[in-house]
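Engineer: Got input18.txt for you, compact mmCIF, C-alpha atoms and all ligand atoms:
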# COMPACT_ATOMS: atom_id res chain seq x y z
CA MET A 1 110.06 115.47 79.05
CA THR A 2 113.51 115.78 80.60
CA ALA A 3 114.14 116.50 84.25
CA GLY A 4 115.38 120.03 85.10
CA PRO A 5 118.86 120.52 86.45
CA THR A 6 117.66 120.64 90.04
CA THR A 7 115.41 117.60 89.82
CA PRO A 8 117.06 114.61 91.52
CA THR A 9 117.31 111.60 89.26
CA PRO A 10 116.52 108.36 91.12
CA GLY A 11 119.56 106.14 91.46
CA VAL A 12 121.97 108.79 90.22
CA ARG A 13 124.53 110.17 92.66
CA GLN A 14 124.07 113.93 93.00
CA THR A 15 126.71 116.35 94.24
CA THR A 16 125.54 119.58 95.80
CA TYR A 17 127.71 122.40 96.97
CA ALA A 18 126.67 124.95 99.52
CA GLY A 19 128.18 128.21 100.63
CA CYS A 20 129.28 129.83 97.39
CA ARG A 21 128.85 129.54 93.68
CA LEU A 22 130.75 126.70 92.10
CA SER A 23 131.12 126.34 88.42
CA ALA A 24 129.97 123.09 86.89
CA ASP A 25 133.39 122.40 85.45
CA GLU A 26 135.24 122.50 88.74
CA PRO A 27 137.74 119.63 88.83
CA ASP A 28 136.60 116.85 91.09
CA SER A 29 139.36 116.77 93.63
CA GLY A 30 137.63 114.87 96.36
CA PRO A 31 135.81 116.19 99.37
CA ALA A 32 136.57 119.72 100.36
CA GLU A 33 139.12 120.01 103.13
CA THR A 34 137.01 122.15 105.40
CA GLY A 35 133.64 120.83 104.43
CA ALA A 36 131.36 118.23 105.90
CA MET A 37 130.30 115.31 103.78
CA SER A 38 127.30 113.09 104.21
CA THR A 39 126.52 110.24 101.90
CA THR A 40 123.28 108.43 101.31
CA SER A 41 122.64 105.86 98.63
CA GLU A 42 121.20 108.55 96.39
CA THR A 43 122.74 111.84 97.42
CA THR A 44 126.21 113.12 98.28
CA LYS A 45 126.37 116.57 99.84
CA ARG A 46 129.64 118.46 99.82
CA THR A 47 130.29 121.80 101.39
CA ALA A 48 132.65 124.04 99.43
CA PRO A 49 135.89 125.15 101.10
CA ALA A 50 135.30 128.25 103.15
CA ALA A 51 136.05 131.61 101.55
CA ARG A 52 138.48 133.63 103.63
CA TRP A 53 136.60 136.90 103.14
CA PRO A 54 133.08 135.98 102.10
CA LEU A 55 131.42 138.84 100.23
CA GLY A 56 127.72 139.33 99.61
CA ARG A 57 126.45 138.04 96.27
CA ARG A 58 126.00 141.49 94.75
CA THR A 59 129.39 142.72 95.95
CA ARG A 60 131.13 139.62 94.59
CA GLN A 61 129.38 140.02 91.25
CA THR A 62 130.43 143.68 91.13
CA VAL A 63 134.05 142.79 91.89
CA LEU A 64 133.92 140.09 89.20
CA VAL A 65 132.59 142.59 86.65
CA VAL A 66 135.37 145.08 87.52
CA HIS A 67 137.89 142.21 87.29
CA ILE A 68 136.74 141.16 83.83
CA VAL A 69 136.49 144.76 82.56
CA SER A 70 139.98 145.61 83.84
CA ALA A 71 141.41 142.43 82.28
CA GLY A 72 139.71 143.35 78.99
CA ALA A 73 140.97 146.95 79.20
CA TRP A 74 144.49 145.68 79.87
CA ILE A 75 144.38 143.45 76.80
CA GLY A 76 142.94 146.34 74.76
CA ILE A 77 145.74 148.69 75.84
CA ASP A 78 148.26 146.00 74.87
CA VAL A 79 146.67 145.83 71.42
CA ILE A 80 147.03 149.62 71.12
CA VAL A 81 150.69 149.31 72.12
CA ALA A 82 151.20 146.65 69.44
CA VAL A 83 149.54 148.87 66.82
CA LEU A 84 151.67 151.90 67.78
CA VAL A 85 154.86 149.82 67.75
CA LEU A 86 154.00 148.42 64.30
CA ALA A 87 153.02 151.89 62.99
CA GLY A 88 156.26 153.34 64.40
CA TRP A 89 158.43 150.69 62.80
CA PHE A 90 156.66 150.06 59.50
CA GLY A 91 154.91 153.43 58.96
CA ASP A 92 155.14 155.00 55.48
CA ASP A 93 156.52 158.40 56.41
CA ALA A 94 158.74 159.71 59.17
CA GLY A 95 156.00 162.05 60.48
CA THR A 96 153.54 159.21 61.14
CA ARG A 97 156.25 157.00 62.63
CA GLY A 98 157.39 159.82 64.91
CA ILE A 99 153.85 160.49 66.15
CA ALA A 100 153.29 156.78 66.85
CA TYR A 101 156.41 156.63 69.04
CA GLN A 102 155.50 159.86 70.82
CA ALA A 103 151.98 158.55 71.54
CA LEU A 104 153.53 155.31 72.81
CA SER A 105 155.76 157.18 75.20
CA LYS A 106 153.04 159.50 76.53
CA PHE A 107 149.77 157.61 76.77
CA VAL A 108 150.43 153.97 77.51
CA VAL A 109 152.16 153.25 80.83
CA LEU A 110 149.69 154.85 83.25
CA PRO A 111 146.49 153.32 81.82
CA MET A 112 148.21 149.96 81.46
CA LEU A 113 149.46 149.97 85.05
CA THR A 114 146.03 151.10 86.29
CA ALA A 115 144.31 148.25 84.45
CA GLY A 116 146.93 145.73 85.64
CA LEU A 117 146.69 146.78 89.30
CA THR A 118 142.88 146.88 89.18
CA CYS A 119 142.89 143.36 87.74
CA LEU A 120 145.32 142.26 90.48
CA VAL A 121 143.38 143.80 93.37
CA THR A 122 140.00 142.51 92.17
CA GLY A 123 141.56 139.10 91.46
CA LEU A 124 142.93 138.99 95.02
CA LEU A 125 139.49 139.94 96.37
CA LEU A 126 137.79 137.26 94.26
CA GLY A 127 140.30 134.65 95.41
CA MET A 128 139.73 135.54 99.06
CA ALA A 129 135.97 135.83 98.64
CA THR A 130 135.39 132.50 96.93
CA LYS A 131 136.31 128.90 97.41
CA TRP A 132 138.98 129.31 94.72
CA GLY A 133 141.39 130.89 97.22
CA LEU A 134 144.73 132.36 96.17
CA VAL A 135 147.01 129.32 96.43
CA ARG A 136 144.37 126.59 96.53
CA TYR A 137 144.06 126.02 92.78
CA ARG A 138 146.88 126.01 90.26
CA TRP A 139 145.04 128.17 87.72
CA VAL A 140 144.55 130.97 90.26
CA LEU A 141 148.15 130.75 91.47
CA VAL A 142 149.51 130.91 87.89
CA LYS A 143 147.29 133.93 87.14
CA LEU A 144 148.51 135.63 90.31
CA VAL A 145 152.15 135.09 89.31
CA LEU A 146 151.50 136.30 85.74
CA ASN A 147 149.72 139.42 86.99
CA VAL A 148 152.45 140.35 89.47
CA VAL A 149 155.24 139.68 86.94
CA LEU A 150 153.50 141.74 84.22
CA CYS A 151 152.84 144.69 86.55
CA SER A 152 156.47 144.58 87.70
CA LEU A 153 157.68 144.51 84.09
CA ILE A 154 155.61 147.62 83.31
CA LEU A 155 157.50 149.45 86.06
CA VAL A 156 161.02 148.08 85.64
CA ALA A 157 161.21 147.33 81.90
CA LEU A 158 158.62 149.46 80.06
CA GLN A 159 158.44 152.75 81.93
CA PRO A 160 162.20 153.53 82.10
CA GLY A 161 162.62 153.41 78.30
CA MET A 162 159.61 155.56 77.45
CA ALA A 163 161.28 158.98 77.61
CA GLU A 164 163.93 157.83 75.15
CA ILE A 165 161.28 156.44 72.80
CA GLY A 166 159.46 159.80 72.94
CA GLU A 167 162.68 161.66 72.09
CA TYR A 168 163.31 159.22 69.24
CA GLY A 169 159.78 159.90 67.92
CA ALA A 170 160.22 163.69 68.21
CA ALA A 171 163.54 163.55 66.36
CA LEU A 172 162.02 161.37 63.65
CA ALA A 173 159.02 163.71 63.20
CA ALA A 174 161.40 166.69 63.00
CA GLY A 175 163.17 165.09 60.04
CA GLY A 176 166.20 163.77 61.95
CA ASN A 177 167.82 160.37 61.69
CA PRO A 178 167.87 159.00 65.27
CA ASP A 179 169.44 155.66 66.23
CA ASP A 180 166.98 152.77 65.62
CA ALA A 181 168.48 150.80 68.52
CA VAL A 182 166.28 152.86 70.86
CA VAL A 183 163.09 151.27 69.49
CA SER A 184 164.34 147.94 68.12
CA GLN A 185 163.29 146.09 71.29
CA SER A 186 159.83 147.64 71.46
CA PHE A 187 158.14 144.60 69.85
CA TYR A 188 158.75 142.45 72.92
CA PRO A 189 156.54 144.11 75.57
CA PRO A 190 153.22 143.80 73.67
CA ALA A 191 154.11 140.30 72.42
CA VAL A 192 154.98 139.02 75.90
CA SER A 193 152.08 140.77 77.60
CA LEU A 194 149.44 139.71 75.06
CA THR A 195 150.63 136.10 75.24
CA ALA A 196 150.56 136.08 79.05
CA LEU A 197 147.16 137.79 79.27
CA SER A 198 145.66 135.43 76.71
CA LEU A 199 146.97 132.51 78.77
CA ALA A 200 145.47 134.07 81.93
CA THR A 201 142.11 134.42 80.17
CA VAL A 202 142.18 130.79 79.03
CA LEU A 203 143.03 129.72 82.59
CA ALA A 204 140.19 131.85 83.99
CA VAL A 205 137.66 130.25 81.68
CA MET A 206 138.92 126.63 81.62
CA LYS A 207 140.05 126.49 85.27
CA PRO A 208 142.40 123.53 84.60
CA TRP A 209 144.90 121.49 86.65
CA GLY A 210 143.00 121.11 89.93
CA LYS A 211 144.42 121.91 93.33
CA THR A 212 147.98 122.82 94.20
CA ARG A 213 150.05 119.99 95.72
CA ARG A 214 149.87 121.45 99.24
CA ARG A 215 146.08 121.60 99.06
CA GLU A 216 145.82 118.08 97.66
CA VAL A 217 147.80 116.75 100.62
CA ALA A 218 145.56 118.71 103.02
CA SER A 219 142.44 117.33 101.30
CA LYS A 220 143.72 113.75 101.53
CA GLY A 221 144.49 114.22 105.23
CA ALA A 222 140.99 115.57 105.86
CA ARG A 223 139.45 112.63 103.96
CA GLN A 224 141.42 110.10 105.98
CA ARG A 225 140.34 111.69 109.23
CA GLN A 226 136.66 111.39 108.31
C1 LIG B 1 146.49 138.12 84.76
C2 LIG B 1 145.40 138.75 84.45
C3 LIG B 1 144.03 138.17 84.66
C4 LIG B 1 143.10 137.95 83.70
C5 LIG B 1 143.24 138.25 82.21
C6 LIG B 1 141.94 137.40 84.37
C7 LIG B 1 140.76 137.08 83.74
C8 LIG B 1 139.65 136.57 84.37
C9 LIG B 1 138.37 136.31 83.73
C10 LIG B 1 138.06 136.59 82.25
C11 LIG B 1 137.56 135.78 84.67
C12 LIG B 1 136.08 135.36 84.49
C13 LIG B 1 136.04 133.86 84.27
C14 LIG B 1 134.64 133.30 84.40
O1 LIG B 1 133.79 133.87 85.12
O2 LIG B 1 134.41 132.24 83.80
C15 LIG B 1 138.31 135.68 85.90
C16 LIG B 1 137.81 135.14 87.06
C17 LIG B 1 138.55 134.96 88.19
N1 LIG B 1 139.82 135.46 88.43
FE1 LIG B 1 141.00 136.42 87.09
N2 LIG B 1 142.20 137.28 85.71
C18 LIG B 1 143.48 137.74 85.94
C19 LIG B 1 144.11 137.82 87.15
C20 LIG B 1 143.66 137.24 88.31
C21 LIG B 1 144.36 137.19 89.56
C22 LIG B 1 145.71 137.85 89.84
C23 LIG B 1 143.59 136.49 90.45
C24 LIG B 1 143.82 136.13 91.90
C25 LIG B 1 144.95 136.10 92.49
C26 LIG B 1 142.39 136.10 89.76
C27 LIG B 1 141.38 135.37 90.31
C28 LIG B 1 140.19 135.07 89.69
C29 LIG B 1 139.13 134.29 90.31
C30 LIG B 1 139.16 133.67 91.70
C31 LIG B 1 138.10 134.23 89.38
C32 LIG B 1 136.77 133.47 89.51
C33 LIG B 1 135.75 134.33 90.21
C34 LIG B 1 134.41 133.61 90.30
O3 LIG B 1 134.10 132.76 89.47
O4 LIG B 1 133.70 133.93 91.25
N3 LIG B 1 142.47 136.58 88.47
N4 LIG B 1 139.57 136.18 85.69
If you took the structure in this file and wrote it as structure tokens, what would it be?
Ligand code: HEM
Structural biologist:
Amino acid sequence: MTAGPTTPTPGVRQTTYAGCRLSADEPDSGPAETGAMSTTSETTKRTAPAARWPLGRRTRQTVLVVHIVSAGAWIGIDVIVAVLVLAGWFGDDAGTRGIAYQALSKFVVLPMLTAGLTCLVTGLLLGMATKWGLVRYRWVLVKLVLNVVLCSLILVALQPGMAEIGEYGAALAAGGNPDDAVVSQSFYPPAVSLTALSLATVLAVMKPWGKTRRREVASKGARQRQ
């Protein structure tokens, strides 16, 4: 019979975190900067870094669910954008192509921005409510930058061109021959966004790269003082 995960194994150093949930694959970056550490021959206890805004377990789980759902919705909307762009460019007849561009111009920006901002706000809450912080770990910081950049791009790069794309689609559907230059760049937004969101998802799951440099220095200082 094998020992359960909580059964201490004699002679094996055990690391226990208290305070908030830690994933098993958290990089071992030394003792936490704000935590106490006590070592015996058999057991090492480490306290996780304090969360800035600790939330109750249920609330944190709810925020995490909303975070994951909004991230998934955002990716889904990007897939729809990619399909509409491909249908608009490669569609068989002008009517279908025109409708695809009109749908793109009317139904995409608001849901995408809503999903992006929901993901950002819940991500910020999760960062503040857990030991991950916002600038403590590289993977969180990179996700934060990606999220802010993508939301900004929706507003400054995607939204302003949508009216023109709609007019292009309407002209196409009406049998006209509008200038393709209006839609020739429309492949980039879904390609860039899907790549960045896939990267963010990989980072969320793998949690690579450990702490940011500033936090590593702070951790070393705390270790030396102990
Ligand atoms: C860019 C879009 C984002 C995507 C696609 C995304 C995706 C995800 C996913 C799938 C998880 C669940 C991972 C797991 O439980 O194993 C997660 C967790 C998390 N995300 Fe995001 N995220 C994004 C943005 C952000 C932002 C902007 C922040 C904070 C500034 C953030 C902070 C976090 C934190 C701290 C967790 C871990 C929560 C926990 O384990 O308690 N995320 N994210």
Engineer: Leaving out Ile165 in chain A and any residue of its chain fewer than 6 positions from it, which residues lie within 8 Å of it when counting only C-alpha atoms, given as a PyMOL selection string?
Structural biologist: chain A and resi 101-102+104-105+182-183
Engineer: Identify, counting all atoms listed in the file, the protein, DNA and RNA residues located within 6 Å of ligand LIG 1 (chain B), and give them as an MDAnalysis selection string.
Structural biologist: chainID A and resid 68 71 119:120 123:124 126:127 132 134 140 143:144 146:147 197 200:201 204:205
Engineer: Could you state the separation of CA of Trp209 in chain A and CA of Ala115 in chain A in Å, given to one decimal place?
Structural biologist: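 Computing it gives 26.9 Å between the two atoms.
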Engineer: Have a look at A:Val156, A:Val79, A:Ala94, A:Pro54 and name the one nearest to Pro178 in chain A; count only C-alpha atoms.
Structural biologist: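 The closest residue to Pro178 in chain A is A:Ala94.
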Engineer: Kindly indicate which residue among A:Ile80, A:Val142, A:Val149, A:Ile75 lies nearest to Ser198 in chain A, using all atoms listed in the file for the distances.
Structural biologist: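 For Ser198 in chain A, the nearest of the given residues is A:Ile75.
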Engineer: Please compute the CA of Ala129 in chain A-CA of Trp53 in chain A distance, one decimal, in Å.
Structural biologist: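 CA of Trp53 in chain A lies 4.7 Å from CA of Ala129 in chain A.
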Engineer: Smallest atom-to-atom distance to Ile99 in chain A: which of A:Leu194, A:Val66, A:Met112, A:Ala170, using only C-alpha atoms?
Structural biologist: A:Ala170
Engineer: Go through A:Thr62, A:Thr130, A:Leu86, A:Val145 one by one, measure the shortest atom-to-atom distance of each to Ser184 in chain A using all atoms listed in the file, and give the residue with the smallest value.
Structural biologist: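 Residue with the minimum atom-to-atom distance to Ser184 in chain A: A:Leu86.
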Engineer: Rank A:Gly98, A:Gly161, A:Gly210, A:Pro111 by their smallest atom-to-atom distance to Pro189 in chain A, using all atoms listed in the file, and report the top residue only.
Structural biologist: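 Of all the options, A:Gly161 lies closest to Pro189 in chain A.
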Engineer: So which one's closest to Gln159 in chain A, A:Gln224, A:Leu113, A:Glu216, A:Arg57? Using only C-alpha atoms, please.
Structural biologist: A:Leu113
Engineer: Expressed in Å to a single decimal, how great is the separation between CA of Ala103 in chain A and CA of Ala174 in chain A?
Structural biologist: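 Computing it gives 15.1 Å between the two atoms.
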